[in-house]
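Asks: Contents of run10.cif (mmCIF, C-alpha atoms) are given next:
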```cif
data_start
#
loop_
_atom_site.label_atom_id
_atom_site.label_comp_id
_atom_site.auth_asym_id
_atom_site.auth_seq_id
_atom_site.Cartn_x
_atom_site.Cartn_y
_atom_site.Cartn_z
CA MET A 1454 45.42 -18.16 -11.01
CA ASN A 1455 46.20 -16.28 -7.90
CA LEU A 1456 44.67 -16.87 -4.51
CA HIS A 1457 42.73 -13.61 -4.54
CA SER A 1458 40.74 -14.54 -7.62
CA LYS A 1459 39.74 -17.88 -6.07
CA MET A 1460 38.47 -16.33 -2.84
CA LYS A 1461 35.00 -14.90 -2.69
CA THR A 1462 34.87 -11.47 -1.22
CA ARG A 1463 32.57 -11.15 1.72
CA ASN A 1464 30.58 -8.04 2.25
CA ALA A 1465 27.46 -6.95 4.03
CA LYS A 1466 25.31 -7.54 0.95
CA GLY A 1467 26.27 -11.21 0.96
CA ASN A 1468 25.25 -11.69 4.58
CA PRO A 1469 22.84 -8.98 5.75
CA LEU A 1470 21.94 -10.87 8.94
CA THR A 1471 25.48 -10.53 10.27
CA ALA A 1472 25.55 -6.86 9.31
CA ILE A 1473 22.25 -6.05 11.00
CA LEU A 1474 23.19 -7.95 14.17
CA ALA A 1475 26.49 -6.08 14.37
CA VAL A 1476 24.78 -2.74 13.82
CA VAL A 1477 22.05 -3.41 16.39
CA PHE A 1478 24.74 -4.46 18.86
CA ALA A 1479 26.54 -1.17 18.19
CA MET A 1480 23.25 0.67 18.73
CA PHE A 1481 22.87 -0.92 22.16
CA VAL A 1482 26.47 -0.14 23.07
CA VAL A 1483 25.90 3.51 22.18
CA SER A 1484 22.63 3.48 24.12
CA GLY A 1485 24.40 2.03 27.16
CA ILE A 1486 27.13 4.65 27.06
CA LEU A 1487 24.62 7.48 26.64
CA LEU A 1488 22.48 6.08 29.47
CA LEU A 1489 25.53 6.03 31.74
CA ILE A 1490 26.20 9.67 30.88
CA LEU A 1491 22.54 10.50 31.54
CA ALA A 1492 22.72 8.70 34.89
CA ALA A 1493 25.80 10.72 35.84
CA VAL A 1494 24.00 13.94 34.93
CA LEU A 1495 20.99 12.82 36.96
CA TYR A 1496 23.21 12.09 39.94
CA LYS A 1497 24.97 15.45 39.83
CA ALA A 1498 22.26 17.84 38.64
CA GLU A 1499 19.01 16.23 39.85
CA PRO A 1500 16.92 17.56 36.93
CA SER A 1501 13.16 17.33 36.63
CA GLU A 1502 11.37 14.28 35.24
CA SER A 1503 10.71 16.03 31.94
CA VAL A 1504 14.45 16.51 31.38
CA VAL A 1505 14.99 12.79 32.00
CA LYS A 1506 12.28 11.91 29.46
CA ILE A 1507 13.84 14.22 26.89
CA GLY A 1508 17.22 12.59 27.51
CA ILE A 1509 15.80 9.12 26.95
CA VAL A 1510 14.06 10.20 23.74
CA ALA A 1511 17.32 11.77 22.56
CA ILE A 1512 19.11 8.48 23.22
CA TYR A 1513 16.54 6.60 21.11
CA ILE A 1514 17.02 9.07 18.28
CA ILE A 1515 20.82 9.10 18.43
CA ALA A 1516 21.08 5.31 18.57
CA GLY A 1517 18.54 4.89 15.76
CA PHE A 1518 20.24 7.45 13.56
CA LEU A 1519 23.64 5.87 14.14
CA GLY A 1520 22.27 2.42 13.34
CA GLY A 1521 20.68 3.65 10.13
CA LEU A 1522 23.88 5.42 9.17
CA LEU A 1523 25.95 2.28 9.72
CA MET A 1524 23.49 0.06 7.86
CA GLY A 1525 23.43 2.46 4.94
CA LYS A 1526 27.22 2.47 4.76
CA LEU A 1527 27.36 -1.33 4.93
CA MET A 1528 24.57 -2.18 2.51
CA ARG A 1529 25.05 0.62 -0.08
CA GLU A 1530 21.66 -0.04 -1.71
CA GLN A 1531 18.19 0.74 -0.40
CA LYS A 1532 19.87 2.48 2.50
CA PHE A 1533 16.70 3.94 3.98
CA LEU A 1534 15.05 0.49 4.14
CA TRP A 1535 18.05 -1.05 5.87
CA GLY A 1536 18.14 1.89 8.29
CA LEU A 1537 14.42 1.40 8.93
CA ALA A 1538 15.06 -2.30 9.57
CA ALA A 1539 17.80 -1.49 12.09
CA GLY A 1540 15.50 0.96 13.91
CA VAL A 1541 12.61 -1.51 14.00
CA ILE A 1542 14.80 -4.34 15.31
CA TYR A 1543 16.23 -2.00 17.95
CA PHE A 1544 12.68 -1.11 19.03
CA VAL A 1545 11.54 -4.76 19.13
CA ILE A 1546 14.46 -5.70 21.37
CA LEU A 1547 13.78 -2.71 23.64
CA PHE A 1548 10.09 -3.57 23.81
CA VAL A 1549 10.66 -7.25 24.62
CA ALA A 1550 13.32 -6.42 27.22
CA SER A 1551 10.99 -3.88 28.83
CA ALA A 1552 8.15 -6.41 28.92
CA VAL A 1553 10.42 -9.02 30.51
CA VAL A 1554 11.70 -6.61 33.15
CA LYS A 1555 8.20 -5.32 33.95
CA ARG A 1556 6.80 -8.88 33.78
CA GLY A 1557 4.04 -7.90 31.40
CA PHE A 1558 2.83 -5.48 28.79
CA ASP A 1559 1.34 -2.80 31.02
CA MET A 1560 2.74 0.05 28.93
CA GLU A 1561 0.62 2.84 27.48
CA LEU A 1562 -0.10 2.19 23.80
CA ALA A 1563 0.56 5.83 22.85
CA LYS A 1564 4.06 5.70 24.35
CA VAL A 1565 4.81 2.39 22.63
CA ILE A 1566 3.71 3.76 19.25
CA THR A 1567 5.67 6.99 19.78
CA THR A 1568 8.81 5.05 20.68
CA PHE A 1569 8.36 2.80 17.66
CA ILE A 1570 8.04 5.81 15.35
CA LEU A 1571 11.09 7.48 16.91
CA CYS A 1572 13.27 4.38 16.51
CA ALA A 1573 12.07 3.53 13.00
CA ALA A 1574 12.18 7.10 11.67
CA SER A 1575 15.60 7.90 13.10
CA GLY A 1576 16.98 4.66 11.67
CA MET A 1577 15.51 5.49 8.28
CA ALA A 1578 16.89 9.04 8.44
CA GLY A 1579 20.35 7.68 9.24
CA GLY A 1580 20.12 5.37 6.26
CA MET A 1581 19.12 8.26 3.99
CA VAL A 1582 22.04 10.39 5.15
CA SER A 1583 24.63 7.62 4.73
#
```
Would you encode the structure as structure tokens?

Replies:
Amino acid sequence: MNLHSKMKTRNAKGNPLTAILAVVFAMFVVSGILLLILAAVLYKAEPSESVVKIGIVAIYIIAGFLGGLLMGKLMREQKFLWGLAAGVIYFVILFVASAVVKRGFDMELAKVITTFILCAASGMAGGMVS
């Protein structure tokens, strides 16, 4: 018997919690980088508020899609559900962090629902594409 046959191979299917935490962390890293780029554009160009809102929505979509894509590649089965899960977890962390920073839940319900749909749908789309 060789050593390789005795060792269990580890993959994302065996431990989905580790995979989803790594993917959500990657999503936040990408979000941070994109937010820094957006801040630099804001500093130099001074665009209108609507351009800033579009930039933030684009960051949600890009991060969600990337997370879904990564989860789909890691899990290899039911990719769209794993992508959806990554998008939903990303949204939950964003929502809780926003509530902590604002010291309450004084956000408009329509914006919360829209953000949830954007994060979840882009994650699911990324999973489907993977």

Asks: To one decimal place, how far is CA of Ala1539 in chain A from CA of Ile1512 in chain A in Å?

Replies: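 According to the coordinates, CA of Ala1539 in chain A and CA of Ile1512 in chain A are separated by 15.0 Å.
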
Asks: Calculated over all atoms listed in the file, which of the candidates A:Val1541, A:Val1582, A:Ile1570, A:Leu1474 has the smallest distance to Arg1529 in chain A?

Replies: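 Among the listed residues, the smallest separation from Arg1529 in chain A belongs to A:Val1582.
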
Asks: Could you spell out the hits of the PyMOL selection byres ((chain A and resi 1581) around 8) on the shown file, as a ChimeraX atom specification?

Replies: /A:1521-1522,1525,1532-1533,1536,1577-1580,1582-1583

Asks: Would you save the residues from that selection as an mmCIF file, in the frame of the given file, using C-alpha atoms?

Replies:
```cif
data_model
loop_
_atom_site.group_PDB
_atom_site.id
_atom_site.type_symbol
_atom_site.label_atom_id
_atom_site.label_comp_id
_atom_site.auth_asym_id
_atom_site.auth_seq_id
_atom_site.Cartn_x
_atom_site.Cartn_y
_atom_site.Cartn_z
ATOM 1 C CA GLY A 1521 20.680 3.650 10.130
ATOM 2 C CA LEU A 1522 23.880 5.420 9.170
ATOM 3 C CA GLY A 1525 23.430 2.460 4.940
ATOM 4 C CA LYS A 1532 19.870 2.480 2.500
ATOM 5 C CA PHE A 1533 16.700 3.940 3.980
ATOM 6 C CA GLY A 1536 18.140 1.890 8.290
ATOM 7 C CA MET A 1577 15.510 5.490 8.280
ATOM 8 C CA ALA A 1578 16.890 9.040 8.440
ATOM 9 C CA GLY A 1579 20.350 7.680 9.240
ATOM 10 C CA GLY A 1580 20.120 5.370 6.260
ATOM 11 C CA VAL A 1582 22.040 10.390 5.150
ATOM 12 C CA SER A 1583 24.630 7.620 4.730
#
```

Asks: Rank A:Ile1542, A:Asp1559, A:Val1553, A:Phe1518 by their smallest atom-to-atom distance to Ala1574 in chain A, using only C-alpha atoms, and report the top residue only.

Replies: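 Of the candidates, the smallest distance to Ala1574 in chain A is held by A:Phe1518.
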
Asks: Hey, which of A:Ile1473, A:Ala1550, A:Val1482, A:Val1494 ends up closest to Leu1537 in chain A? Count all atoms listed in the file.

Replies: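 Looking only at the distances to Leu1537 in chain A, the closest residue turns out to be A:Ile1473.
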
Asks: Rounded to one decimal, what separation in Å do you get between CA of Ile1490 in chain A and CA of Leu1523 in chain A?

Replies: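 Between CA of Ile1490 in chain A and CA of Leu1523 in chain A the gap is 22.4 Å.
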
Asks: Could you name the residues that touch Ala1516 in chain A at 7 Å or less, counting all atoms listed in the file, but leaving out those on the same chain fewer than 4 positions away, as a short mmCIF file (atom, residue, chain, number, x, y, z; two decimals) with C-alpha atoms, keeping the file's coordinate frame?

Replies:
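Output below, filename part_16.cif:
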```
data_model
loop_
_atom_site.label_atom_id
_atom_site.label_comp_id
_atom_site.auth_asym_id
_atom_site.auth_seq_id
_atom_site.Cartn_x
_atom_site.Cartn_y
_atom_site.Cartn_z
CA MET A 1480 23.25 0.67 18.73
CA VAL A 1483 25.90 3.51 22.18
CA SER A 1484 22.63 3.48 24.12
CA ILE A 1512 19.11 8.48 23.22
CA GLY A 1520 22.27 2.42 13.34
#
```
